[in-house]
$ cat structure-v9.txt   # compact mmCIF, C-alpha atoms
# COMPACT_ATOMS: atom_id res chain seq x y z
CA MET A 24 -29.96 -74.87 22.80
CA SER A 25 -31.41 -71.45 23.63
CA VAL A 26 -29.51 -68.23 23.07
CA GLU A 27 -30.79 -64.82 24.13
CA VAL A 28 -30.34 -62.03 21.60
CA ARG A 29 -30.48 -58.54 23.05
CA LEU A 30 -31.49 -55.86 20.59
CA PRO A 31 -30.65 -52.15 20.83
CA THR A 32 -33.53 -49.69 20.78
CA VAL A 33 -32.80 -48.71 17.17
CA LEU A 34 -33.47 -52.27 15.95
CA ARG A 35 -36.52 -53.03 18.04
CA VAL A 36 -38.80 -51.34 15.55
CA HIS A 37 -37.76 -54.07 13.11
CA ALA A 38 -38.45 -56.84 15.64
CA GLY A 39 -41.98 -56.14 16.77
CA GLY A 40 -40.80 -53.91 19.59
CA ASN A 41 -39.02 -56.75 21.35
CA SER A 42 -35.89 -55.94 23.34
CA SER A 43 -34.72 -59.55 23.31
CA VAL A 44 -35.41 -62.73 21.43
CA SER A 45 -34.58 -66.34 22.31
CA LEU A 46 -33.41 -68.58 19.49
CA ASP A 47 -32.27 -72.19 19.19
CA VAL A 48 -29.11 -71.93 17.09
CA GLU A 49 -25.56 -73.19 16.99
CA ASN A 50 -23.67 -70.26 15.50
CA LEU A 51 -24.13 -66.58 14.68
CA ARG A 52 -24.76 -67.14 10.98
CA GLU A 53 -27.71 -69.34 11.86
CA LEU A 54 -28.79 -66.86 14.53
CA PHE A 55 -29.06 -63.96 12.09
CA GLU A 56 -30.76 -66.14 9.48
CA LYS A 57 -33.40 -67.17 12.01
CA LEU A 58 -33.78 -63.62 13.26
CA THR A 59 -34.49 -62.50 9.71
CA GLU A 60 -36.95 -65.35 9.19
CA LEU A 61 -38.83 -64.22 12.29
CA TYR A 62 -38.54 -60.52 11.48
CA PRO A 63 -37.96 -59.90 7.76
CA ALA A 64 -37.39 -56.19 8.43
CA MET A 65 -34.17 -57.16 10.22
CA ALA A 66 -32.66 -58.15 6.88
CA GLY A 67 -29.56 -56.11 6.18
CA GLN A 68 -29.64 -54.33 9.54
CA VAL A 69 -26.73 -56.19 11.12
CA VAL A 70 -25.31 -58.41 8.39
CA THR A 71 -24.56 -57.05 4.92
CA ASP A 72 -25.66 -58.64 1.66
CA GLU A 73 -22.05 -59.73 1.28
CA GLY A 74 -22.32 -61.72 4.50
CA SER A 75 -20.28 -59.70 6.96
CA PHE A 76 -21.20 -57.49 9.90
CA HIS A 77 -21.96 -53.86 9.22
CA ARG A 78 -19.14 -51.67 10.45
CA PHE A 79 -21.57 -49.56 12.48
CA VAL A 80 -22.68 -52.37 14.76
CA ASN A 81 -20.80 -54.30 17.42
CA VAL A 82 -21.85 -57.85 18.30
CA TYR A 83 -20.87 -59.65 21.47
CA VAL A 84 -21.23 -63.21 22.66
CA ASN A 85 -21.36 -62.71 26.40
CA ASP A 86 -18.35 -60.39 26.96
CA ASP A 87 -16.50 -61.17 23.75
CA ASP A 88 -16.50 -59.02 20.63
CA VAL A 89 -17.17 -61.45 17.78
CA ARG A 90 -14.76 -59.59 15.49
CA TYR A 91 -12.05 -61.18 17.62
CA LEU A 92 -13.72 -64.58 17.57
CA GLU A 93 -14.95 -66.31 14.41
CA LYS A 94 -17.30 -63.53 13.30
CA LEU A 95 -20.42 -65.11 11.76
CA ASP A 96 -18.97 -68.57 12.28
CA THR A 97 -18.72 -68.00 16.04
CA LYS A 98 -20.33 -70.90 17.83
CA VAL A 99 -22.85 -70.25 20.59
CA ARG A 100 -23.91 -72.43 23.46
CA ASP A 101 -27.01 -72.87 25.54
CA GLY A 102 -27.39 -69.88 27.84
CA ASP A 103 -25.15 -67.53 25.85
CA VAL A 104 -26.23 -63.92 25.51
CA VAL A 105 -25.66 -62.21 22.18
CA THR A 106 -25.74 -58.44 22.44
CA ILE A 107 -25.99 -56.13 19.44
CA LEU A 108 -24.97 -52.52 20.00
CA PRO A 109 -24.63 -49.64 17.57
CA ALA A 110 -21.25 -48.05 17.06
CA VAL A 111 -21.35 -44.60 18.64
CA ALA A 112 -19.20 -41.91 17.09
CA GLY A 113 -19.25 -38.34 15.90
CA GLY A 114 -17.21 -35.22 15.76
CA MET B 10 -36.94 -32.22 27.36
CA LEU B 11 -34.02 -33.87 29.07
CA LYS B 12 -33.80 -33.71 32.85
CA VAL B 13 -30.27 -34.16 34.12
CA PRO B 14 -29.39 -34.39 37.82
CA ARG B 15 -26.87 -31.68 38.72
CA ALA B 16 -24.56 -34.23 40.34
CA LEU B 17 -24.39 -36.26 37.13
CA TYR B 18 -23.83 -33.16 35.04
CA ALA B 19 -20.92 -32.24 37.30
CA GLN B 20 -19.43 -35.70 36.65
CA MET B 21 -19.92 -35.32 32.89
CA LEU B 22 -18.24 -31.93 32.97
CA ALA B 23 -15.31 -33.19 35.04
CA HIS B 24 -14.84 -36.08 32.63
CA VAL B 25 -14.84 -34.05 29.41
CA ILE B 26 -12.55 -31.41 30.94
CA GLY B 27 -10.24 -34.19 32.06
CA CYS B 28 -10.14 -35.50 28.47
CA LEU B 29 -8.78 -32.23 27.07
CA PRO B 30 -7.23 -31.63 24.62
CA GLU B 31 -9.22 -34.52 23.14
CA GLU B 32 -12.98 -34.80 22.99
CA GLY B 33 -14.57 -36.64 25.88
CA CYS B 34 -17.58 -38.91 25.67
CA GLY B 35 -19.91 -41.11 27.67
CA LEU B 36 -23.39 -42.56 27.77
CA ILE B 37 -26.52 -41.73 29.71
CA SER B 38 -29.25 -44.03 30.91
CA GLY B 39 -32.84 -43.36 31.69
CA PHE B 40 -36.32 -44.67 31.27
CA PRO B 41 -38.03 -44.57 27.89
CA PRO B 42 -40.68 -41.82 27.87
CA GLN B 43 -43.60 -44.27 27.92
CA MET B 44 -42.27 -45.61 31.24
CA ALA B 45 -42.07 -42.19 32.85
CA ALA B 46 -45.50 -42.08 34.41
CA GLY B 47 -47.27 -38.75 34.17
CA ASP B 48 -44.46 -37.06 32.30
CA PRO B 49 -44.28 -38.71 28.89
CA VAL B 50 -42.55 -35.92 27.00
CA SER B 51 -39.43 -35.69 29.11
CA THR B 52 -36.64 -38.14 29.80
CA GLN B 53 -35.07 -38.27 33.22
CA VAL B 54 -31.40 -39.17 33.10
CA VAL B 55 -30.63 -41.62 35.89
CA GLY B 56 -27.13 -42.81 35.04
CA TRP B 57 -23.90 -41.53 33.53
CA TYR B 58 -21.18 -43.83 32.22
CA GLN B 59 -17.96 -42.21 31.13
CA ALA B 60 -16.30 -43.90 28.19
CA ARG B 61 -12.96 -43.85 26.49
CA ASN B 62 -12.75 -41.94 23.24
CA ILE B 63 -10.87 -44.44 21.12
CA ALA B 64 -10.66 -41.92 18.29
CA GLY B 65 -8.18 -40.06 20.51
CA SER B 66 -8.94 -36.79 18.74
CA ALA B 67 -9.80 -33.19 19.50
CA LYS B 68 -12.28 -33.24 16.63
CA LEU B 69 -13.76 -36.74 16.65
CA TYR B 70 -15.00 -39.25 19.16
CA THR B 71 -15.75 -42.95 19.11
CA VAL B 72 -17.18 -44.52 22.24
CA ASP B 73 -15.12 -47.55 23.24
CA PRO B 74 -17.43 -50.48 22.35
CA GLY B 75 -16.45 -52.38 25.47
CA ASP B 76 -17.34 -49.39 27.63
CA PHE B 77 -20.71 -49.26 25.85
CA LEU B 78 -21.30 -52.95 26.58
CA ARG B 79 -20.51 -52.46 30.28
CA ALA B 80 -22.73 -49.36 30.44
CA ASP B 81 -25.57 -51.21 28.73
CA ARG B 82 -25.33 -54.09 31.19
CA GLN B 83 -25.20 -51.74 34.17
CA ALA B 84 -28.20 -49.77 32.94
CA GLN B 85 -30.21 -52.94 32.37
CA SER B 86 -29.34 -54.20 35.83
CA GLU B 87 -30.84 -50.99 37.18
CA GLY B 88 -34.04 -51.45 35.19
CA CYS B 89 -33.36 -48.77 32.60
CA GLU B 90 -31.43 -48.48 29.39
CA ILE B 91 -29.00 -46.33 27.47
CA VAL B 92 -30.93 -43.36 26.10
CA GLY B 93 -28.19 -41.17 24.71
CA VAL B 94 -24.62 -40.07 24.38
CA VAL B 95 -22.68 -37.11 25.69
CA HIS B 96 -19.62 -35.68 23.98
CA SER B 97 -17.63 -32.50 24.09
CA HIS B 98 -16.74 -29.98 21.45
CA THR B 99 -13.36 -28.63 22.37
CA HIS B 100 -13.24 -25.70 19.97
CA SER B 101 -16.75 -25.23 18.64
CA ASP B 102 -20.22 -24.38 19.87
CA PRO B 103 -22.58 -27.09 21.18
CA TYR B 104 -24.31 -27.84 17.89
CA PRO B 105 -24.16 -31.18 16.08
CA SER B 106 -21.41 -31.31 13.47
CA PRO B 107 -22.05 -32.92 10.08
CA THR B 108 -20.23 -35.98 11.46
CA ASP B 109 -22.48 -36.04 14.53
CA ILE B 110 -25.56 -35.99 12.28
CA GLU B 111 -24.24 -38.52 9.80
CA GLN B 112 -23.21 -41.02 12.46
CA ALA B 113 -26.05 -40.61 14.96
CA PRO B 114 -26.98 -44.24 15.66
CA ASP B 115 -30.48 -44.01 17.08
CA PRO B 116 -33.33 -41.55 16.40
CA SER B 117 -34.78 -42.22 19.86
CA TRP B 118 -31.59 -41.12 21.62
CA HIS B 119 -30.64 -37.83 23.22
CA TYR B 120 -27.42 -36.29 21.93
CA MET B 121 -25.90 -34.04 24.57
CA ILE B 122 -23.04 -31.79 23.53
CA ILE B 123 -20.90 -29.91 26.02
CA SER B 124 -18.93 -27.06 24.50
CA LEU B 125 -15.62 -26.17 26.11
CA ARG B 126 -14.92 -23.44 23.58
CA HIS B 127 -15.36 -20.70 26.16
CA PRO B 128 -14.30 -20.54 29.81
CA ASP B 129 -17.87 -21.28 30.89
CA PRO B 130 -18.95 -24.66 29.45
CA THR B 131 -22.35 -24.80 27.76
CA VAL B 132 -24.56 -27.84 27.22
CA ARG B 133 -27.32 -28.53 24.74
CA SER B 134 -29.20 -31.63 23.69
CA TYR B 135 -30.75 -32.76 20.44
CA SER B 136 -32.69 -35.53 18.80
CA ILE B 137 -31.21 -36.55 15.47
CA SER B 138 -33.20 -38.56 12.95
CA GLY B 139 -31.63 -38.84 9.56
CA ALA B 140 -30.76 -35.28 8.60
CA GLN B 141 -33.39 -33.85 10.96
CA VAL B 142 -31.98 -32.19 14.07
CA GLN B 143 -34.30 -31.00 16.82
CA GLU B 144 -32.99 -29.23 19.88
CA GLU B 145 -34.59 -30.09 23.22
CA PRO B 146 -34.32 -28.20 26.50
CA VAL B 147 -31.84 -29.48 29.07
CA ILE B 148 -33.05 -28.96 32.63
CA LEU B 149 -30.64 -29.50 35.51
CA VAL B 150 -32.51 -30.94 38.48
CA ASP B 151 -31.56 -31.56 42.10
$ encode --input "structure-v9.txt" --output "structure tokens"
Amino acid sequence: MSVEVRLPTVLRVHAGGNSSVSLDVENLRELFEKLTELYPAMAGQVVTDEGSFHRFVNVYVNDDDVRYLEKLDTKVRDGDVVTILPAVAGG
Amino acid sequence: MLKVPRALYAQMLAHVIGCLPEEGCGLISGFPPQMAAGDPVSTQVVGWYQARNIAGSAKLYTVDPGDFLRADRQAQSEGCEIVGVVHSHTHSDPYPSPTDIEQAPDPSWHYMIISLRHPDPTVRSYSISGAQVQEEPVILVD
């Protein structure tokens, strides 16, 4: 089961410069655990120590914002695309 | 240096004016500098994606995340990527506010600010890395 993870430019420095990574996982919790195993510098960049998503990132499975799905328990399927984008705001 | 096609700048301007009295915002796409053969220090803007300001404020903006996702997909389909954000200042000069600096998401991005404080809009662009703000020239190109 291969899922493509698309990384924003700001996180690529933590992932060896890669813009996307393919992982064999069944849910987002497992996805971020594997991503951190592959790239230890990714630790804490998307998921907090308390086990929730940082408020300044948005994560999508295909077109769906995972905050409105099952968050880290969201299941993924073969061929899904997980996109991580920074929240963009200012004044 | 940020090179912005005049036609896209006109669209940006029309959008942020249309958002008054609230701040307007959107995203720009381009090629990372290392991909711009022969001109590594400048970024050529190739796409503009207007976005909804879900903060709905004259003093704050938040790019609608769904609009960002669609812009990101569109940019990738065109072989480039999102390289910055544009927003307006309705009542202040085009300099990053403390909120702009604090919430800047990506040190590689270009942060364009269009000021509508005066009858003639003015635009400036910056790189923001942590608390470090560096202005860069904006060149309108045909």
$ closest_residue --input "structure-v9.txt" --among "B:Gly56, B:Gly65, B:Pro74, B:Gly139" --to "Gly33 of chain B" --atoms "only C-alpha atoms"
B:Gly65
$ atom_distance --input "structure-v9.txt" --atom1 "atom CA of Asp101 of chain A" --atom2 "atom CA of Ser25 of chain A"
5.0 Å
$ residues_around --input "structure-v9.txt" --residues "Glu144 of chain B" --least-positions-apart "3" --cutoff "8 Å" --atoms "only C-alpha atoms" --output "mmCIF file with C-alpha atoms, in the coordinates of the input"
data_model
loop_
_atom_site.group_PDB
_atom_site.id
_atom_site.type_symbol
_atom_site.label_atom_id
_atom_site.label_comp_id
_atom_site.auth_asym_id
_atom_site.auth_seq_id
_atom_site.Cartn_x
_atom_site.Cartn_y
_atom_site.Cartn_z
ATOM 1 C CA ARG B 133 -27.320 -28.530 24.740
ATOM 2 C CA SER B 134 -29.200 -31.630 23.690
ATOM 3 C CA TYR B 135 -30.750 -32.760 20.440
ATOM 4 C CA SER B 136 -32.690 -35.530 18.800
#
$ residues_around --input "structure-v9.txt" --residues "segment 82-89 of chain A" --least-positions-apart "6" --cutoff "12 Å" --atoms "all atoms listed in the file" --output "number ranges by chain"
A: 26-31, 50-52, 54-55, 69-70, 75-76, 95-110; B: 73-79, 81-82
$ residues_around --input "structure-v9.txt" --residues "Ala16 of chain B" --least-positions-apart "4" --cutoff "12 Å" --atoms "all atoms listed in the file" --output "compact mmCIF listing (two decimals) with C-alpha atoms, in the coordinates of the input"
# COMPACT_ATOMS: atom_id res chain seq x y z
CA LYS B 12 -33.80 -33.71 32.85
CA GLN B 20 -19.43 -35.70 36.65
CA MET B 21 -19.92 -35.32 32.89
CA LEU B 22 -18.24 -31.93 32.97
CA ALA B 23 -15.31 -33.19 35.04
CA VAL B 54 -31.40 -39.17 33.10
CA VAL B 55 -30.63 -41.62 35.89
CA GLY B 56 -27.13 -42.81 35.04
CA TRP B 57 -23.90 -41.53 33.53
CA LEU B 149 -30.64 -29.50 35.51
CA VAL B 150 -32.51 -30.94 38.48
CA ASP B 151 -31.56 -31.56 42.10
$ atom_distance --input "structure-v9.txt" --atom1 "atom CA of Gln141 of chain B" --atom2 "atom CA of Gly113 of chain A"
15.6 Å
$ residues_near_point --input "structure-v9.txt" --point "(-23.6, -31.1, 23.3)" --cutoff "7 Å" --atoms "all atoms listed in the file" --output "PyMOL selection string"
chain B and resi 95-97+103-104+120-124+132-134
$ closest_atom_pairs --input "structure-v9.txt" --of "chain A" --to "chain B" --cutoff "6 Å" --atoms "only C-alpha atoms" --output "tab-separated table"
residue	atom	partner	partner_atom	distance
A:Val33	CA	B:Asp115	CA	5.2
A:Val111	CA	B:Val72	CA	5.5
A:Ala112	CA	B:Thr71	CA	4.1
A:Gly113	CA	B:Asp109	CA	4.2
A:Gly114	CA	B:Leu69	CA	3.9
$ atom_distance --input "structure-v9.txt" --atom1 "atom CA of Leu61 of chain A" --atom2 "atom CA of Arg90 of chain A"
24.7 Å
$ closest_residue --input "structure-v9.txt" --among "A:Leu92, A:Met24, A:His37, A:Ser42" --to "Ala66 of chain A" --atoms "only C-alpha atoms"
A:His37
$ axis_aligned_box --input "structure-v9.txt" --around "segment 36-41 of chain B" --padding-each-side "3 Å" --output "lines of an AutoDock Vina configuration file"
center_x = -30.7
center_y = -43.2
center_z = 29.7
size_x = 20.6
size_y = 8.9
size_z = 9.9
$ build_atoms --input "structure-v9.txt" --residues "segment 37-53 of chain A" --atoms "N, CA, C and O atoms" --output "PDB file, in the coordinates of the input"
ATOM      1  N   HIS A  37     -37.781 -53.037  14.153  1.00  0.00           N
ATOM      2  CA  HIS A  37     -37.760 -54.070  13.110  1.00  0.00           C
ATOM      3  C   HIS A  37     -38.096 -55.441  13.682  1.00  0.00           C
ATOM      4  O   HIS A  37     -38.141 -56.424  12.938  1.00  0.00           O
ATOM      5  N   ALA A  38     -38.261 -55.529  14.989  1.00  0.00           N
ATOM      6  CA  ALA A  38     -38.450 -56.840  15.640  1.00  0.00           C
ATOM      7  C   ALA A  38     -39.692 -56.814  16.528  1.00  0.00           C
ATOM      8  O   ALA A  38     -39.696 -57.371  17.635  1.00  0.00           O
ATOM      9  N   GLY A  39     -40.710 -56.152  16.044  1.00  0.00           N
ATOM     10  CA  GLY A  39     -41.980 -56.140  16.770  1.00  0.00           C
ATOM     11  C   GLY A  39     -41.903 -55.475  18.126  1.00  0.00           C
ATOM     12  O   GLY A  39     -42.721 -55.746  19.005  1.00  0.00           O
ATOM     13  N   GLY A  40     -40.923 -54.619  18.314  1.00  0.00           N
ATOM     14  CA  GLY A  40     -40.800 -53.910  19.590  1.00  0.00           C
ATOM     15  C   GLY A  40     -40.096 -54.705  20.667  1.00  0.00           C
ATOM     16  O   GLY A  40     -39.918 -54.216  21.789  1.00  0.00           O
ATOM     17  N   ASN A  41     -39.671 -55.910  20.336  1.00  0.00           N
ATOM     18  CA  ASN A  41     -39.020 -56.750  21.350  1.00  0.00           C
ATOM     19  C   ASN A  41     -37.607 -56.258  21.670  1.00  0.00           C
ATOM     20  O   ASN A  41     -36.863 -55.868  20.781  1.00  0.00           O
ATOM     21  N   SER A  42     -37.256 -56.322  22.947  1.00  0.00           N
ATOM     22  CA  SER A  42     -35.890 -55.940  23.340  1.00  0.00           C
ATOM     23  C   SER A  42     -34.967 -57.152  23.350  1.00  0.00           C
ATOM     24  O   SER A  42     -33.748 -57.001  23.325  1.00  0.00           O
ATOM     25  N   SER A  43     -35.545 -58.339  23.399  1.00  0.00           N
ATOM     26  CA  SER A  43     -34.720 -59.550  23.310  1.00  0.00           C
ATOM     27  C   SER A  43     -35.534 -60.674  22.691  1.00  0.00           C
ATOM     28  O   SER A  43     -36.771 -60.670  22.749  1.00  0.00           O
ATOM     29  N   VAL A  44     -34.807 -61.597  22.109  1.00  0.00           N
ATOM     30  CA  VAL A  44     -35.410 -62.730  21.430  1.00  0.00           C
ATOM     31  C   VAL A  44     -34.609 -63.974  21.794  1.00  0.00           C
ATOM     32  O   VAL A  44     -33.382 -63.903  21.867  1.00  0.00           O
ATOM     33  N   SER A  45     -35.288 -65.084  22.037  1.00  0.00           N
ATOM     34  CA  SER A  45     -34.580 -66.340  22.310  1.00  0.00           C
ATOM     35  C   SER A  45     -34.643 -67.234  21.076  1.00  0.00           C
ATOM     36  O   SER A  45     -35.719 -67.415  20.485  1.00  0.00           O
ATOM     37  N   LEU A  46     -33.480 -67.757  20.701  1.00  0.00           N
ATOM     38  CA  LEU A  46     -33.410 -68.580  19.490  1.00  0.00           C
ATOM     39  C   LEU A  46     -32.619 -69.852  19.780  1.00  0.00           C
ATOM     40  O   LEU A  46     -31.686 -69.840  20.587  1.00  0.00           O
ATOM     41  N   ASP A  47     -33.009 -70.928  19.090  1.00  0.00           N
ATOM     42  CA  ASP A  47     -32.270 -72.190  19.190  1.00  0.00           C
ATOM     43  C   ASP A  47     -31.346 -72.278  17.984  1.00  0.00           C
ATOM     44  O   ASP A  47     -31.794 -72.616  16.881  1.00  0.00           O
ATOM     45  N   VAL A  48     -30.078 -71.950  18.189  1.00  0.00           N
ATOM     46  CA  VAL A  48     -29.110 -71.930  17.090  1.00  0.00           C
ATOM     47  C   VAL A  48     -27.754 -72.414  17.587  1.00  0.00           C
ATOM     48  O   VAL A  48     -27.515 -72.491  18.796  1.00  0.00           O
ATOM     49  N   GLU A  49     -26.885 -72.688  16.620  1.00  0.00           N
ATOM     50  CA  GLU A  49     -25.560 -73.190  16.990  1.00  0.00           C
ATOM     51  C   GLU A  49     -24.438 -72.230  16.661  1.00  0.00           C
ATOM     52  O   GLU A  49     -23.316 -72.392  17.161  1.00  0.00           O
ATOM     53  N   ASN A  50     -24.701 -71.251  15.796  1.00  0.00           N
ATOM     54  CA  ASN A  50     -23.670 -70.260  15.500  1.00  0.00           C
ATOM     55  C   ASN A  50     -24.347 -68.940  15.089  1.00  0.00           C
ATOM     56  O   ASN A  50     -25.572 -68.888  14.906  1.00  0.00           O
ATOM     57  N   LEU A  51     -23.545 -67.902  14.938  1.00  0.00           N
ATOM     58  CA  LEU A  51     -24.130 -66.580  14.680  1.00  0.00           C
ATOM     59  C   LEU A  51     -24.747 -66.480  13.285  1.00  0.00           C
ATOM     60  O   LEU A  51     -25.741 -65.777  13.091  1.00  0.00           O
ATOM     61  N   ARG A  52     -24.181 -67.179  12.325  1.00  0.00           N
ATOM     62  CA  ARG A  52     -24.760 -67.140  10.980  1.00  0.00           C
ATOM     63  C   ARG A  52     -26.207 -67.636  11.034  1.00  0.00           C
ATOM     64  O   ARG A  52     -27.125 -67.010  10.509  1.00  0.00           O
ATOM     65  N   GLU A  53     -26.379 -68.758  11.716  1.00  0.00           N
ATOM     66  CA  GLU A  53     -27.710 -69.340  11.860  1.00  0.00           C
ATOM     67  C   GLU A  53     -28.602 -68.408  12.676  1.00  0.00           C
ATOM     68  O   GLU A  53     -29.791 -68.238  12.381  1.00  0.00           O
TER      69      GLU A  53
END
